[in-house]
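See below for the structure under consideration.
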Amino acid sequence: KKMGGEQKKADTNQDGRLDHEDLRNLLKKHYSAFTDEEIVEFAELFYAGKAGGSVSFQDFIVALDNAASGVNNHPILDGNCSAEFIYRKSHATYTPEDLDIKITHVAPTTFMDKMALNAVKVVRFFFDNATGWNNKDITTDKILNRVIFLETIAAVPGMVAAICRHFKSLRNMERDGGLLHLFLEEANNERMHLLSFIKMKDPSVAFRAAVVFSQFGFGGAFLLSYLASPKFCHRFVGYIEEEACVTYTKIIEAIENAPEGSKLAAWKHEAAPNIARSYWHLGENGTVLDLVYAVRADEAEHRDVNHAASQLRHGDVNPWSDPDVKLNQMLKRYVKDIMSRDDDITKLHHQK
């Protein structure tokens, strides 16, 4: 009855149906459960799913029942076309739990997996020796040299994947499932790592020349590899990101355990560059250490995304931005908020 009453109040034109504006008004009554951004996203997903149409009160109740009971199919969306053009990812929502990432490893099970893992081991071996990197002798200068160079390369795979998927979608005249948005965001995220660290050191001309050479070499090789086997490339990137998580964890430990008065220890208090504090919402007092924690969380996400992407089949919708999944999650939260309010009212009555 309470849900029905809320629907009637949100139904501005009194036609017994809910459109995207009505649903926006409905969720605004539940600010404790939804942010402004989530309310806007819910309304946009609904508008796209119904192609501008509306849903009856009864169908909306059925959708709530299905979501609460774990049934994925519901009468709100008539397709997942919104995955092609609606994609939101905010790097301002990392919680302490999100930043406490776990070092994981996906054991290779196929010949392709083993090839990808061995390729990463070879690349790391030569790069570590060429740059003199040693996890037991970490300095601020070595950290900045390493992360600045690596981030110029790390932003390549996501862009290559997005471009290849874009042209494939055009060539085959079919949907991509929203994955190219995911990989574009990944590429830009890696670029933001670079733009943050570059504020802390200005590389030499020789360093910049090495970046240009490496970018062309790696970019060309990765493009050819992706055209031959996207699955291999995503597994390769997944293993690269596993190594990145290990490296950033070592850097964090080095900063936190550095003796007071050293350059490394200063990063515990030194303000992160403005662009980093803005991008990750580190706050006015966000430090370089906070920046490294956020970057490591990004790399952990890229690790998991690429390992999962290597298992996707043709026609799969982006599982990290599936309209059905998102809508079901929001509907569950709506039901939970309604029920919790009823429980609070019942408790008040008993107290009286």
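A note on labels: chains of the structure tokens are A, B, ... as shown, every chain counts residues from 1, and ligands are counted from 1 in their shown order.
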I want to know what sits within 10 Å of A:Asn189, based on only C-alpha atoms, with residues of the same chain fewer than 6 positions away left out; could you give that as number ranges by chain? A: 91, 151, 154-155, 158, 183, 195, 279, 295, 298-299, 302
Same residues, N, CA and C atoms, output as a PDB file, in the first residue's frame:
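Written file, out.pdb:
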```
ATOM      1  N   HIS A  91      35.742   7.977  -9.891  1.00  0.00           N
ATOM      2  CA  HIS A  91      36.888   7.600  -9.067  1.00  0.00           C
ATOM      3  C   HIS A  91      36.870   8.350  -7.746  1.00  0.00           C
ATOM      4  N   GLU A 151      53.365   4.434 -17.004  1.00  0.00           N
ATOM      5  CA  GLU A 151      52.018   4.939 -17.262  1.00  0.00           C
ATOM      6  C   GLU A 151      51.867   5.459 -18.693  1.00  0.00           C
ATOM      7  N   ALA A 154      51.110   2.111 -20.181  1.00  0.00           N
ATOM      8  CA  ALA A 154      49.916   1.457 -19.638  1.00  0.00           C
ATOM      9  C   ALA A 154      48.625   2.001 -20.238  1.00  0.00           C
ATOM     10  N   ALA A 155      48.662   3.228 -20.744  1.00  0.00           N
ATOM     11  CA  ALA A 155      47.449   3.817 -21.319  1.00  0.00           C
ATOM     12  C   ALA A 155      47.198   3.348 -22.743  1.00  0.00           C
ATOM     13  N   GLY A 158      44.182  -0.057 -23.349  1.00  0.00           N
ATOM     14  CA  GLY A 158      42.768   0.304 -23.295  1.00  0.00           C
ATOM     15  C   GLY A 158      42.316   1.041 -24.538  1.00  0.00           C
ATOM     16  N   PHE A 183      36.897   0.342 -21.916  1.00  0.00           N
ATOM     17  CA  PHE A 183      38.320   0.382 -22.222  1.00  0.00           C
ATOM     18  C   PHE A 183      38.806   1.809 -22.492  1.00  0.00           C
ATOM     19  N   LEU A 195      49.489  12.078 -15.728  1.00  0.00           N
ATOM     20  CA  LEU A 195      49.365  13.519 -15.561  1.00  0.00           C
ATOM     21  C   LEU A 195      49.519  13.949 -14.099  1.00  0.00           C
ATOM     22  N   TYR A 279      40.757  14.711  -9.255  1.00  0.00           N
ATOM     23  CA  TYR A 279      40.286  13.511  -9.968  1.00  0.00           C
ATOM     24  C   TYR A 279      39.796  12.426  -9.023  1.00  0.00           C
ATOM     25  N   VAL A 295      45.868   5.038  -6.961  1.00  0.00           N
ATOM     26  CA  VAL A 295      46.390   4.461  -8.203  1.00  0.00           C
ATOM     27  C   VAL A 295      46.427   2.941  -8.102  1.00  0.00           C
ATOM     28  N   ASP A 298      43.051   1.571  -8.658  1.00  0.00           N
ATOM     29  CA  ASP A 298      42.741   1.578 -10.089  1.00  0.00           C
ATOM     30  C   ASP A 298      43.350   0.372 -10.784  1.00  0.00           C
ATOM     31  N   GLU A 299      44.623   0.112 -10.476  1.00  0.00           N
ATOM     32  CA  GLU A 299      45.310  -0.995 -11.132  1.00  0.00           C
ATOM     33  C   GLU A 299      44.668  -2.340 -10.768  1.00  0.00           C
ATOM     34  N   HIS A 302      41.669  -2.641 -12.976  1.00  0.00           N
ATOM     35  CA  HIS A 302      42.066  -3.003 -14.342  1.00  0.00           C
ATOM     36  C   HIS A 302      42.485  -4.468 -14.421  1.00  0.00           C
TER      37      HIS A 302
END
```
Got a sec: who's within 12 Å of A:Ala309, counting only C-alpha atoms, leaving out chain neighbours fewer than 5 positions off, as a PyMOL selection string? chain A and resi 158+161+179-180+182-183+230-238+301-304+314+316-320
If you count only C-alpha atoms, which residues fall within 9 Å of A:Tyr293, apart from same-chain ones fewer than 2 positions away, as a list of chain:residue names?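 Surrounding residues, per the criterion: A:Leu99, A:Asp100, A:Tyr248, A:Thr249, A:Ile252, A:Val288, A:Leu289, A:Asp290, A:Leu291, A:Val295, A:Arg296, A:Ala297, A:Asp298.
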Between atom CA of A:Lys142 and atom CA of A:Thr95, distance in Å (one decimal):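 Atom CA of A:Lys142 sits 28.8 Å away from atom CA of A:Thr95.
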Would you mind listing what lies within 7 Å of A:Leu18 as an MDAnalysis selection string, with only C-alpha atoms counted and same-chain residues fewer than 3 positions away left out? chainID A and resid 11 22:23 54:57
Contacts of A:Ile275 at 12 Å (only C-alpha atoms; same-chain gap of 4+ positions) as a list of chain:residue names: A:Arg191, A:Met192, A:His193, A:Leu194, A:Leu195, A:Ser196, A:Phe197, A:Ile198, A:Lys199, A:Met200, A:Ala271, A:Tyr279, A:Trp280, A:His281, A:Leu282, A:Gly283, A:Glu284, A:Gly286, A:Val288, A:Leu291
How about saving the chosen residues, N, CA, C and O atoms kept, as a CSV table (one decimal), in the first residue's frame?
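Wrote out23.csv, looks like this:
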```csv
chain,number,residue,atom,x,y,z
A,191,ARG,N,46.1,7.5,-18.1
A,191,ARG,CA,46.6,8.8,-18.5
A,191,ARG,C,46.6,9.7,-17.4
A,191,ARG,O,47.5,10.5,-17.2
A,192,MET,N,45.5,9.6,-16.5
A,192,MET,CA,45.5,10.5,-15.3
A,192,MET,C,46.5,10.2,-14.3
A,192,MET,O,47.0,11.0,-13.6
A,193,HIS,N,46.9,8.9,-14.3
A,193,HIS,CA,48.1,8.5,-13.4
A,193,HIS,C,49.3,9.3,-13.9
A,193,HIS,O,50.0,9.9,-13.1
A,194,LEU,N,49.5,9.3,-15.2
A,194,LEU,CA,50.7,10.0,-15.7
A,194,LEU,C,50.6,11.5,-15.5
A,194,LEU,O,51.6,12.1,-15.0
A,195,LEU,N,49.5,12.1,-15.7
A,195,LEU,CA,49.4,13.5,-15.6
A,195,LEU,C,49.5,13.9,-14.1
A,195,LEU,O,49.9,15.1,-13.8
A,196,SER,N,49.3,13.0,-13.2
A,196,SER,CA,49.5,13.3,-11.8
A,196,SER,C,50.9,13.2,-11.4
A,196,SER,O,51.5,14.1,-10.8
A,197,PHE,N,51.6,12.1,-11.8
A,197,PHE,CA,53.0,12.0,-11.4
A,197,PHE,C,53.9,12.9,-12.1
A,197,PHE,O,55.0,13.3,-11.6
A,198,ILE,N,53.6,13.3,-13.3
A,198,ILE,CA,54.4,14.2,-14.1
A,198,ILE,C,54.5,15.6,-13.5
A,198,ILE,O,55.5,16.3,-13.7
A,199,LYS,N,53.6,15.9,-12.6
A,199,LYS,CA,53.6,17.2,-11.8
A,199,LYS,C,54.7,17.1,-10.8
A,199,LYS,O,55.1,18.2,-10.2
A,200,MET,N,55.2,15.9,-10.5
A,200,MET,CA,56.2,15.8,-9.4
A,200,MET,C,57.7,15.7,-10.0
A,200,MET,O,58.6,15.7,-9.2
A,271,ALA,N,51.5,17.3,0.0
A,271,ALA,CA,50.2,17.4,-0.8
A,271,ALA,C,50.4,16.8,-2.2
A,271,ALA,O,51.4,17.0,-2.9
A,279,TYR,N,40.8,14.7,-9.3
A,279,TYR,CA,40.3,13.5,-10.0
A,279,TYR,C,39.8,12.4,-9.0
A,279,TYR,O,38.7,11.9,-9.2
A,280,TRP,N,40.6,12.2,-8.0
A,280,TRP,CA,40.2,11.1,-7.1
A,280,TRP,C,39.5,11.6,-5.8
A,280,TRP,O,39.2,10.8,-4.9
A,281,HIS,N,39.2,12.9,-5.8
A,281,HIS,CA,38.5,13.5,-4.6
A,281,HIS,C,39.3,13.2,-3.3
A,281,HIS,O,38.7,12.7,-2.4
A,282,LEU,N,40.6,13.4,-3.3
A,282,LEU,CA,41.4,13.1,-2.2
A,282,LEU,C,41.2,14.1,-1.0
A,282,LEU,O,41.7,13.9,0.1
A,283,GLY,N,40.5,15.2,-1.3
A,283,GLY,CA,40.3,16.3,-0.3
A,283,GLY,C,41.4,17.3,-0.4
A,283,GLY,O,42.5,17.1,-1.0
A,284,GLU,N,41.2,18.4,0.3
A,284,GLU,CA,42.2,19.5,0.3
A,284,GLU,C,43.5,19.1,0.9
A,284,GLU,O,44.6,19.6,0.5
A,286,GLY,N,44.8,15.9,0.7
A,286,GLY,CA,45.2,14.7,0.2
A,286,GLY,C,46.7,14.6,-0.1
A,286,GLY,O,47.3,15.6,-0.6
A,288,VAL,N,50.6,12.6,-1.2
A,288,VAL,CA,51.1,11.7,-2.3
A,288,VAL,C,50.8,10.3,-1.9
A,288,VAL,O,50.5,9.5,-2.8
A,291,LEU,N,47.5,9.4,-3.0
A,291,LEU,CA,47.5,9.3,-4.4
A,291,LEU,C,47.9,7.9,-4.8
A,291,LEU,O,47.3,7.2,-5.7
```
Quick one: pull the distance between atom CA of A:Val246 and atom CA of A:Thr152, Å, one decimal.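 One can read the atom CA of A:Val246 to atom CA of A:Thr152 distance as 18.7 Å.
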Could you write out, as a list in words, all the residues of stretch 234-265 of chain A that DSSP marks as helix (DSSP H, G or I)? His234, Arg235, Phe236, Val237, Gly238, Tyr239, Ile240, Glu241, Glu242, Glu243, Ala244, Cys245, Val246, Thr247, Tyr248, Thr249, Lys250, Ile251, Ile252, Glu253, Ala254, Ile255, Glu256, Lys263, Leu264 and Ala265 of chain A
